[in-house]
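Below: the structure, in structure tokens.
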Amino acid sequence: MHDHDHSQGHSHGHDHDEGHDHSHVPQVTTRNERKVLLAFAITFSFMLVEAIGGYLSGSLALLADAGHMLTDAGALALSYLAFRFGRRAADQRRSFGYLRLEVVAAFVNALTLFAIVLWIAYEAWHRLTQPPQILAGPMLVIAVTGLLVNLLVLWILNRGDTDHVNIQGATLHVLGDLLGSVGAIVAALIIWLTGWTLVDPILSLLVAILILRSAWFLAKRSLNILLEGAPEHVRPDQIGQHVREEFADEVRRVGHIHVWQITDRRVLATLHVGPSASARIEDLGLRISASLQQRFQIEHSTVALDWSDEMMVCSLSTREAAE
């Protein structure tokens, strides 16, 4: 995490109005929380039904789907807890509050998906060498019910903040589980019509490959945030080029540029600029910050006006820049 120096030794180019809100409390509403909690209750309940049905029918496709639903339930529970804790206000030890918990939850979701893929692959290989007896009738009924349940949960989640990394993590779990239900339905129909039981582990492997793709996408995205990597839509060189072009008459140089994310939607940046002799330095930092917010959606920027023997730090939030 980058430390923004607001010590009294610096001269601030913009006075902070005490009426401004500098608490970095996330904008995620309780609407997302309620939807994730409802999705968890539905998923966990049917997971128990599917696990029992998979055991009694002997279907790996159903057992794999139940195992995936277990991670779905865990993912949704983590998402809910992340939302709850993430709304806690910032304090002296955690100046950005608990916002990163939701990103950690998304990363844990991705790891559980990887674990499920390995389990499905192991069980499928075992069943390919020793095909078990499978009851196609009960398998089909439970698989169709599971598909309907997953469609309901997916509909609930899609009525939330679908661009949020935590909601996306939960949605990817449910999508993978929905594919598992489809695979189980296809396997049950083929077994019922032909008696070919090897289709059960084969389709389970196909579903595992699709789950693996989703897990990789989610892990890559959440890990980039945890490592404070630059967001996809903006890079440090783009910020430098923009400032040099937008303020060509007032800025001689731009350097020490850092851009990162606290959460999926909260982008921060720091940079040093060398003002020219004709620069209007009393509000240069304010104008640069406002320009970065408008061009790159950077919520909070720290612009340091840098001379060889002194530095002026202008720390500005989006709200201040807009005003």
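Here's how to read the names in the structure tokens: chain A, B, ... by the order shown, residue numbers from 1 in each chain, ligand numbers from 1 in the order shown.
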
### Task
Considering only C-alpha atoms, return as JSON, numbers by chain whatever protein or nucleic-acid residues lie within 9 Å of Asn158 of chain A, sequence-local ones (same chain, fewer than 4 positions apart) excluded.
{"A": [153, 154, 162, 167, 171]}

Any chance you could export the current selection's N, CA and C atoms as an mmCIF file, in the first residue's frame?
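Contents of part15.cif, as written:
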data_model
loop_
_atom_site.group_PDB
_atom_site.id
_atom_site.type_symbol
_atom_site.label_atom_id
_atom_site.label_comp_id
_atom_site.auth_asym_id
_atom_site.auth_seq_id
_atom_site.Cartn_x
_atom_site.Cartn_y
_atom_site.Cartn_z
ATOM 1 N N VAL A 153 -30.623 -18.462 -8.784
ATOM 2 C CA VAL A 153 -29.529 -17.773 -8.084
ATOM 3 C C VAL A 153 -28.819 -16.805 -9.024
ATOM 4 N N LEU A 154 -28.617 -17.212 -10.269
ATOM 5 C CA LEU A 154 -27.970 -16.340 -11.244
ATOM 6 C C LEU A 154 -28.808 -15.089 -11.497
ATOM 7 N N THR A 162 -23.328 -5.932 -11.025
ATOM 8 C CA THR A 162 -22.694 -7.019 -11.766
ATOM 9 C C THR A 162 -21.238 -6.736 -12.121
ATOM 10 N N ILE A 167 -19.157 -9.649 -6.700
ATOM 11 C CA ILE A 167 -20.347 -10.196 -7.343
ATOM 12 C C ILE A 167 -19.944 -11.051 -8.539
ATOM 13 N N THR A 171 -20.814 -14.899 -9.155
ATOM 14 C CA THR A 171 -21.522 -15.243 -10.390
ATOM 15 C C THR A 171 -20.782 -16.308 -11.172
#

### Message
I want to know what sits within 9 Å of Gly195 of chain A, based on only C-alpha atoms, with residues of the same chain fewer than 5 positions away left out; could you give that as a PyMOL selection string?
### Response
chain A and resi 134+136+190

Those residues you just picked out, can you put them in a file as an mmCIF file, in the first residue's frame with all heavy atoms?
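Result written to part07.cif:
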data_model
loop_
_atom_site.group_PDB
_atom_site.id
_atom_site.type_symbol
_atom_site.label_atom_id
_atom_site.label_comp_id
_atom_site.auth_asym_id
_atom_site.auth_seq_id
_atom_site.Cartn_x
_atom_site.Cartn_y
_atom_site.Cartn_z
ATOM 1 N N ILE A 134 -25.006 -46.466 -12.481
ATOM 2 C CA ILE A 134 -25.617 -45.152 -12.279
ATOM 3 C C ILE A 134 -27.122 -45.259 -12.508
ATOM 4 O O ILE A 134 -27.574 -45.850 -13.498
ATOM 5 C CB ILE A 134 -25.004 -44.106 -13.235
ATOM 6 C CG1 ILE A 134 -23.507 -43.955 -12.962
ATOM 7 C CG2 ILE A 134 -25.703 -42.760 -13.098
ATOM 8 C CD1 ILE A 134 -22.802 -43.044 -13.944
ATOM 9 N N ALA A 136 -30.091 -43.520 -13.746
ATOM 10 C CA ALA A 136 -30.308 -42.364 -14.615
ATOM 11 C C ALA A 136 -31.550 -41.567 -14.229
ATOM 12 O O ALA A 136 -31.563 -40.335 -14.349
ATOM 13 C CB ALA A 136 -30.406 -42.817 -16.062
ATOM 14 N N ILE A 190 -28.286 -39.562 -21.753
ATOM 15 C CA ILE A 190 -27.525 -40.544 -22.537
ATOM 16 C C ILE A 190 -27.497 -41.899 -21.840
ATOM 17 O O ILE A 190 -27.681 -42.964 -22.474
ATOM 18 C CB ILE A 190 -26.096 -40.029 -22.782
ATOM 19 C CG1 ILE A 190 -26.129 -38.810 -23.714
ATOM 20 C CG2 ILE A 190 -25.223 -41.132 -23.382
ATOM 21 C CD1 ILE A 190 -24.771 -38.171 -23.934
#

### Query
Any idea what's packed within 10 Å of segment 191-193 of chain A, counting only C-alpha atoms, ignoring anything in its chain fewer than 5 positions away? Could you give it as a ChimeraX atom specification?
/A:134-137,139-140,185-186,198-200

Taking N, CA and C atoms for each residue, export the selection above as a PDB file, in the first residue's frame.
ATOM      1  N   ILE A 134     -25.006 -46.466 -12.481  1.00  0.00           N
ATOM      2  CA  ILE A 134     -25.617 -45.152 -12.279  1.00  0.00           C
ATOM      3  C   ILE A 134     -27.122 -45.259 -12.508  1.00  0.00           C
ATOM      4  N   LEU A 135     -27.914 -44.684 -11.598  1.00  0.00           N
ATOM      5  CA  LEU A 135     -29.373 -44.635 -11.723  1.00  0.00           C
ATOM      6  C   LEU A 135     -29.745 -43.361 -12.477  1.00  0.00           C
ATOM      7  N   ALA A 136     -30.091 -43.520 -13.746  1.00  0.00           N
ATOM      8  CA  ALA A 136     -30.308 -42.364 -14.615  1.00  0.00           C
ATOM      9  C   ALA A 136     -31.550 -41.567 -14.229  1.00  0.00           C
ATOM     10  N   GLY A 137     -32.609 -42.241 -13.775  1.00  0.00           N
ATOM     11  CA  GLY A 137     -33.861 -41.547 -13.457  1.00  0.00           C
ATOM     12  C   GLY A 137     -33.707 -40.514 -12.352  1.00  0.00           C
ATOM     13  N   MET A 139     -31.012 -39.314 -11.185  1.00  0.00           N
ATOM     14  CA  MET A 139     -29.985 -38.364 -11.597  1.00  0.00           C
ATOM     15  C   MET A 139     -30.578 -37.255 -12.453  1.00  0.00           C
ATOM     16  N   LEU A 140     -31.467 -37.620 -13.370  1.00  0.00           N
ATOM     17  CA  LEU A 140     -32.080 -36.629 -14.257  1.00  0.00           C
ATOM     18  C   LEU A 140     -32.970 -35.662 -13.490  1.00  0.00           C
ATOM     19  N   ILE A 185     -27.519 -33.271 -16.746  1.00  0.00           N
ATOM     20  CA  ILE A 185     -28.756 -33.579 -17.484  1.00  0.00           C
ATOM     21  C   ILE A 185     -28.433 -34.367 -18.750  1.00  0.00           C
ATOM     22  N   VAL A 186     -27.442 -33.890 -19.508  1.00  0.00           N
ATOM     23  CA  VAL A 186     -27.040 -34.579 -20.739  1.00  0.00           C
ATOM     24  C   VAL A 186     -26.570 -35.996 -20.428  1.00  0.00           C
ATOM     25  N   LEU A 198     -19.952 -44.213 -19.199  1.00  0.00           N
ATOM     26  CA  LEU A 198     -18.716 -43.447 -19.277  1.00  0.00           C
ATOM     27  C   LEU A 198     -18.965 -41.965 -19.612  1.00  0.00           C
ATOM     28  N   VAL A 199     -20.137 -41.669 -20.128  1.00  0.00           N
ATOM     29  CA  VAL A 199     -20.440 -40.276 -20.449  1.00  0.00           C
ATOM     30  C   VAL A 199     -20.464 -39.405 -19.197  1.00  0.00           C
ATOM     31  N   ASP A 200     -20.755 -40.020 -18.060  1.00  0.00           N
ATOM     32  CA  ASP A 200     -20.839 -39.259 -16.808  1.00  0.00           C
ATOM     33  C   ASP A 200     -19.492 -38.630 -16.443  1.00  0.00           C
TER      34      ASP A 200
END

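You can rank A:Ala304, A:Ala73, A:Val234, A:Leu148 by their closest distance to Leu292 of chain A using only C-alpha atoms, and at the top of that list sits A:Val234.
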
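Among A:Thr263, A:Thr129, A:Asn109, A:Thr71, the residue with the shortest atom-to-atom distance to Phe96 of chain A, counting only C-alpha atoms, is A:Thr263.
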
### Minimum-distance residue to Val259 of chain A, chosen among A:Gly183, A:Gly169, A:Gly54, A:Gly229 (using only C-alpha atoms)
A:Gly229

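In this model, the gap between atom CA of Ser276 of chain A and atom CA of Asp249 of chain A comes to 7.3 Å.
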
With only C-alpha atoms counted and 12 Å as the cut-off, give the residues of segment 24-114 of chain A in contact with segment 124-128 of chain A, each with its shortest interatomic distance in Å and the pair that gives it, as a tab-separated table.
residue	atom	partner	partner_atom	distance
A:Gly58	CA	A:Arg127	CA	10.6
A:Ser59	CA	A:Arg127	CA	10.0
A:Leu60	CA	A:Ala124	CA	7.3
A:Ala61	CA	A:Ala124	CA	9.0
A:Leu63	CA	A:Ala124	CA	10.9
A:Ala64	CA	A:Ala124	CA	9.4

### Task
Name the residues of segment 209-267 of chain A that fall into strand (DSSP E or B) according to DSSP on the backbone, using the chain letters and numbers of this document, as an MDAnalysis selection string.
chainID A and resid 251:263 266:267

Selected residues written out, C-alpha atoms, as a PDB file, in the first residue's frame:
ATOM      1  CA  VAL A 251       4.231  21.334 -16.611  1.00  0.00           C
ATOM      2  CA  ARG A 252       7.875  20.730 -17.515  1.00  0.00           C
ATOM      3  CA  ARG A 253       8.118  17.120 -16.425  1.00  0.00           C
ATOM      4  CA  VAL A 254       6.071  14.288 -14.924  1.00  0.00           C
ATOM      5  CA  GLY A 255       7.526  11.400 -12.949  1.00  0.00           C
ATOM      6  CA  HIS A 256       7.229   9.008 -10.008  1.00  0.00           C
ATOM      7  CA  ILE A 257       3.833   7.886 -11.300  1.00  0.00           C
ATOM      8  CA  HIS A 258       2.029   5.130  -9.430  1.00  0.00           C
ATOM      9  CA  VAL A 259      -1.515   3.930 -10.070  1.00  0.00           C
ATOM     10  CA  TRP A 260      -3.277   1.086  -8.274  1.00  0.00           C
ATOM     11  CA  GLN A 261      -6.617  -0.093  -6.945  1.00  0.00           C
ATOM     12  CA  ILE A 262      -7.977  -0.502  -3.443  1.00  0.00           C
ATOM     13  CA  THR A 263     -10.910  -2.478  -4.812  1.00  0.00           C
ATOM     14  CA  ARG A 266     -11.576   2.453  -6.503  1.00  0.00           C
ATOM     15  CA  VAL A 267      -8.492   3.687  -8.365  1.00  0.00           C
TER      16      VAL A 267
END

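Counting only C-alpha atoms and comparing A:Ile120, A:Ala41, A:Ala279, A:Ala170, the residue that lies closest to Ala105 of chain A is A:Ala170.
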
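Note that the spacing between atom CA of Ile116 of chain A and atom CA of Ala208 of chain A amounts to 8.0 Å.
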
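Residue neighbourhood of segment 173-181 of chain A, excluding near-sequence residues (fewer than 5 positions): Ala61, Leu62, Ala64, Asp65, His68, Met69, Thr71, Asp72, Ala75, Asn109, Leu113, Ala143, Val144, Gly146, Leu147, Asn150, Leu151, Val153, Leu154, Ser204, Val207, Leu210, Ile211 and Ser214 of chain A, at 8 Å, using only C-alpha atoms.
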
Selection export as a PDB file, in the first residue's frame, atoms kept: N, CA and C atoms:
ATOM      1  N   ALA A  61     -21.230 -36.796 -11.970  1.00  0.00           N
ATOM      2  CA  ALA A  61     -21.658 -35.475 -12.435  1.00  0.00           C
ATOM      3  C   ALA A  61     -22.449 -34.745 -11.352  1.00  0.00           C
ATOM      4  N   LEU A  62     -23.328 -35.486 -10.673  1.00  0.00           N
ATOM      5  CA  LEU A  62     -24.099 -34.867  -9.591  1.00  0.00           C
ATOM      6  C   LEU A  62     -23.218 -34.581  -8.385  1.00  0.00           C
ATOM      7  N   ALA A  64     -20.003 -34.034  -8.405  1.00  0.00           N
ATOM      8  CA  ALA A  64     -19.136 -32.913  -8.768  1.00  0.00           C
ATOM      9  C   ALA A  64     -19.915 -31.602  -8.685  1.00  0.00           C
ATOM     10  N   ASP A  65     -21.145 -31.649  -9.141  1.00  0.00           N
ATOM     11  CA  ASP A  65     -21.979 -30.450  -9.091  1.00  0.00           C
ATOM     12  C   ASP A  65     -22.271 -30.069  -7.645  1.00  0.00           C
ATOM     13  N   HIS A  68     -19.211 -28.549  -6.246  1.00  0.00           N
ATOM     14  CA  HIS A  68     -19.095 -27.175  -6.736  1.00  0.00           C
ATOM     15  C   HIS A  68     -20.087 -26.258  -6.030  1.00  0.00           C
ATOM     16  N   MET A  69     -21.283 -26.774  -5.762  1.00  0.00           N
ATOM     17  CA  MET A  69     -22.271 -25.963  -5.041  1.00  0.00           C
ATOM     18  C   MET A  69     -21.810 -25.672  -3.616  1.00  0.00           C
ATOM     19  N   THR A  71     -18.687 -25.113  -2.780  1.00  0.00           N
ATOM     20  CA  THR A  71     -17.798 -23.959  -2.908  1.00  0.00           C
ATOM     21  C   THR A  71     -18.588 -22.708  -3.282  1.00  0.00           C
ATOM     22  N   ASP A  72     -19.686 -22.892  -4.033  1.00  0.00           N
ATOM     23  CA  ASP A  72     -20.567 -21.753  -4.312  1.00  0.00           C
ATOM     24  C   ASP A  72     -21.059 -21.145  -3.010  1.00  0.00           C
ATOM     25  N   ALA A  75     -18.297 -19.446  -1.267  1.00  0.00           N
ATOM     26  CA  ALA A  75     -17.956 -18.200  -1.965  1.00  0.00           C
ATOM     27  C   ALA A  75     -18.973 -17.108  -1.656  1.00  0.00           C
ATOM     28  N   ASN A 109     -12.213 -17.343  -3.603  1.00  0.00           N
ATOM     29  CA  ASN A 109     -13.180 -18.009  -4.474  1.00  0.00           C
ATOM     30  C   ASN A 109     -12.474 -18.686  -5.648  1.00  0.00           C
ATOM     31  N   LEU A 113     -12.188 -22.779  -6.678  1.00  0.00           N
ATOM     32  CA  LEU A 113     -12.537 -23.305  -7.999  1.00  0.00           C
ATOM     33  C   LEU A 113     -11.428 -24.212  -8.527  1.00  0.00           C
ATOM     34  N   ALA A 143     -30.765 -33.308 -11.462  1.00  0.00           N
ATOM     35  CA  ALA A 143     -30.009 -32.409 -12.330  1.00  0.00           C
ATOM     36  C   ALA A 143     -30.890 -31.302 -12.884  1.00  0.00           C
ATOM     37  N   VAL A 144     -32.109 -31.625 -13.288  1.00  0.00           N
ATOM     38  CA  VAL A 144     -33.036 -30.597 -13.799  1.00  0.00           C
ATOM     39  C   VAL A 144     -33.387 -29.609 -12.692  1.00  0.00           C
ATOM     40  N   GLY A 146     -31.542 -28.902 -10.124  1.00  0.00           N
ATOM     41  CA  GLY A 146     -30.344 -28.101  -9.894  1.00  0.00           C
ATOM     42  C   GLY A 146     -30.188 -27.000 -10.921  1.00  0.00           C
ATOM     43  N   LEU A 147     -30.513 -27.288 -12.172  1.00  0.00           N
ATOM     44  CA  LEU A 147     -30.445 -26.270 -13.215  1.00  0.00           C
ATOM     45  C   LEU A 147     -31.389 -25.114 -12.909  1.00  0.00           C
ATOM     46  N   ASN A 150     -29.988 -23.030 -10.025  1.00  0.00           N
ATOM     47  CA  ASN A 150     -28.874 -22.187 -10.452  1.00  0.00           C
ATOM     48  C   ASN A 150     -29.340 -21.001 -11.289  1.00  0.00           C
ATOM     49  N   LEU A 151     -30.345 -21.221 -12.116  1.00  0.00           N
ATOM     50  CA  LEU A 151     -30.901 -20.110 -12.899  1.00  0.00           C
ATOM     51  C   LEU A 151     -31.509 -19.062 -11.970  1.00  0.00           C
ATOM     52  N   VAL A 153     -30.623 -18.462  -8.784  1.00  0.00           N
ATOM     53  CA  VAL A 153     -29.529 -17.773  -8.084  1.00  0.00           C
ATOM     54  C   VAL A 153     -28.819 -16.805  -9.024  1.00  0.00           C
ATOM     55  N   LEU A 154     -28.617 -17.212 -10.269  1.00  0.00           N
ATOM     56  CA  LEU A 154     -27.970 -16.340 -11.244  1.00  0.00           C
ATOM     57  C   LEU A 154     -28.808 -15.089 -11.497  1.00  0.00           C
ATOM     58  N   SER A 204     -18.175 -34.594 -16.953  1.00  0.00           N
ATOM     59  CA  SER A 204     -17.658 -33.927 -15.754  1.00  0.00           C
ATOM     60  C   SER A 204     -16.317 -33.254 -16.045  1.00  0.00           C
ATOM     61  N   VAL A 207     -16.896 -30.028 -18.043  1.00  0.00           N
ATOM     62  CA  VAL A 207     -17.349 -28.959 -17.147  1.00  0.00           C
ATOM     63  C   VAL A 207     -16.169 -28.427 -16.332  1.00  0.00           C
ATOM     64  N   LEU A 210     -14.222 -25.849 -18.238  1.00  0.00           N
ATOM     65  CA  LEU A 210     -14.899 -24.555 -18.270  1.00  0.00           C
ATOM     66  C   LEU A 210     -14.753 -23.823 -16.932  1.00  0.00           C
ATOM     67  N   ILE A 211     -14.835 -24.570 -15.837  1.00  0.00           N
ATOM     68  CA  ILE A 211     -14.652 -23.975 -14.520  1.00  0.00           C
ATOM     69  C   ILE A 211     -13.230 -23.436 -14.376  1.00  0.00           C
ATOM     70  N   SER A 214     -12.813 -19.974 -15.875  1.00  0.00           N
ATOM     71  CA  SER A 214     -13.389 -18.934 -15.027  1.00  0.00           C
ATOM     72  C   SER A 214     -12.505 -18.662 -13.815  1.00  0.00           C
TER      73      SER A 214
END

Would you mind listing what lies within 12 Å of Glu246 of chain A as a CSV table (one decimal) with N, CA and C atoms, in the first residue's frame, with only C-alpha atoms counted and same-chain residues fewer than 4 positions away left out?
chain,number,residue,atom,x,y,z
A,238,GLN,N,0.4,6.3,-19.6
A,238,GLN,CA,-0.8,7.0,-20.1
A,238,GLN,C,-1.1,8.2,-19.3
A,239,ILE,N,-0.9,8.1,-18.0
A,239,ILE,CA,-1.1,9.3,-17.1
A,239,ILE,C,-0.1,10.3,-17.4
A,240,GLY,N,1.2,10.0,-17.5
A,240,GLY,CA,2.2,10.9,-17.8
A,240,GLY,C,2.0,11.6,-19.1
A,241,GLN,N,1.6,10.9,-20.1
A,241,GLN,CA,1.4,11.5,-21.4
A,241,GLN,C,0.2,12.5,-21.4
A,242,HIS,N,-0.8,12.1,-20.7
A,242,HIS,CA,-2.0,12.9,-20.6
A,242,HIS,C,-1.7,14.2,-19.9
A,250,GLU,N,2.2,24.5,-18.6
A,250,GLU,CA,2.5,24.7,-17.1
A,250,GLU,C,3.3,23.6,-16.5
A,251,VAL,N,3.5,22.5,-17.2
A,251,VAL,CA,4.2,21.3,-16.6
A,251,VAL,C,5.5,21.0,-17.5
A,252,ARG,N,6.6,21.0,-16.8
A,252,ARG,CA,7.9,20.7,-17.5
A,252,ARG,C,8.2,19.2,-17.5
A,254,VAL,N,7.0,15.1,-15.7
A,254,VAL,CA,6.1,14.3,-14.9
A,254,VAL,C,6.8,13.0,-14.6
A,284,LEU,N,-2.8,24.2,-9.5
A,284,LEU,CA,-2.4,23.3,-10.5
A,284,LEU,C,-2.7,21.9,-10.1
A,287,ARG,N,-6.4,21.1,-10.6
A,287,ARG,CA,-6.8,20.9,-11.9
A,287,ARG,C,-6.3,19.6,-12.5
A,288,ILE,N,-5.1,19.2,-12.2
A,288,ILE,CA,-4.5,17.9,-12.7
A,288,ILE,C,-5.4,16.8,-12.1
A,289,SER,N,-5.7,16.9,-10.8
A,289,SER,CA,-6.5,15.8,-10.2
A,289,SER,C,-7.8,15.7,-10.8
A,290,ALA,N,-8.5,16.9,-11.1
A,290,ALA,CA,-9.8,16.8,-11.7
A,290,ALA,C,-9.7,16.2,-13.1
A,291,SER,N,-8.6,16.6,-13.9
A,291,SER,CA,-8.4,16.0,-15.2
A,291,SER,C,-8.2,14.5,-15.2
A,292,LEU,N,-7.5,14.0,-14.2
A,292,LEU,CA,-7.3,12.6,-14.1
A,292,LEU,C,-8.5,11.9,-13.7
A,295,ARG,N,-10.7,11.8,-17.0
A,295,ARG,CA,-10.1,11.0,-18.1
A,295,ARG,C,-10.0,9.6,-17.8

### Task
If you run DSSP over the backbone, which residues in segment 45-222 of chain A end up helix (DSSP H, G or I)? Put them as a PyMOL selection string.
chain A and resi 45-57+60-86+100-129+136-158+165-194+199-222

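The space separating atom CA of Glu123 of chain A from atom CA of Leu205 of chain A comes to 9.4 Å.
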
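Taking only C-alpha atoms into account, Thr145 of chain A lies nearest to A:Val49 out of the set A:Ile298, A:Ala230, A:Val108, A:Val49.
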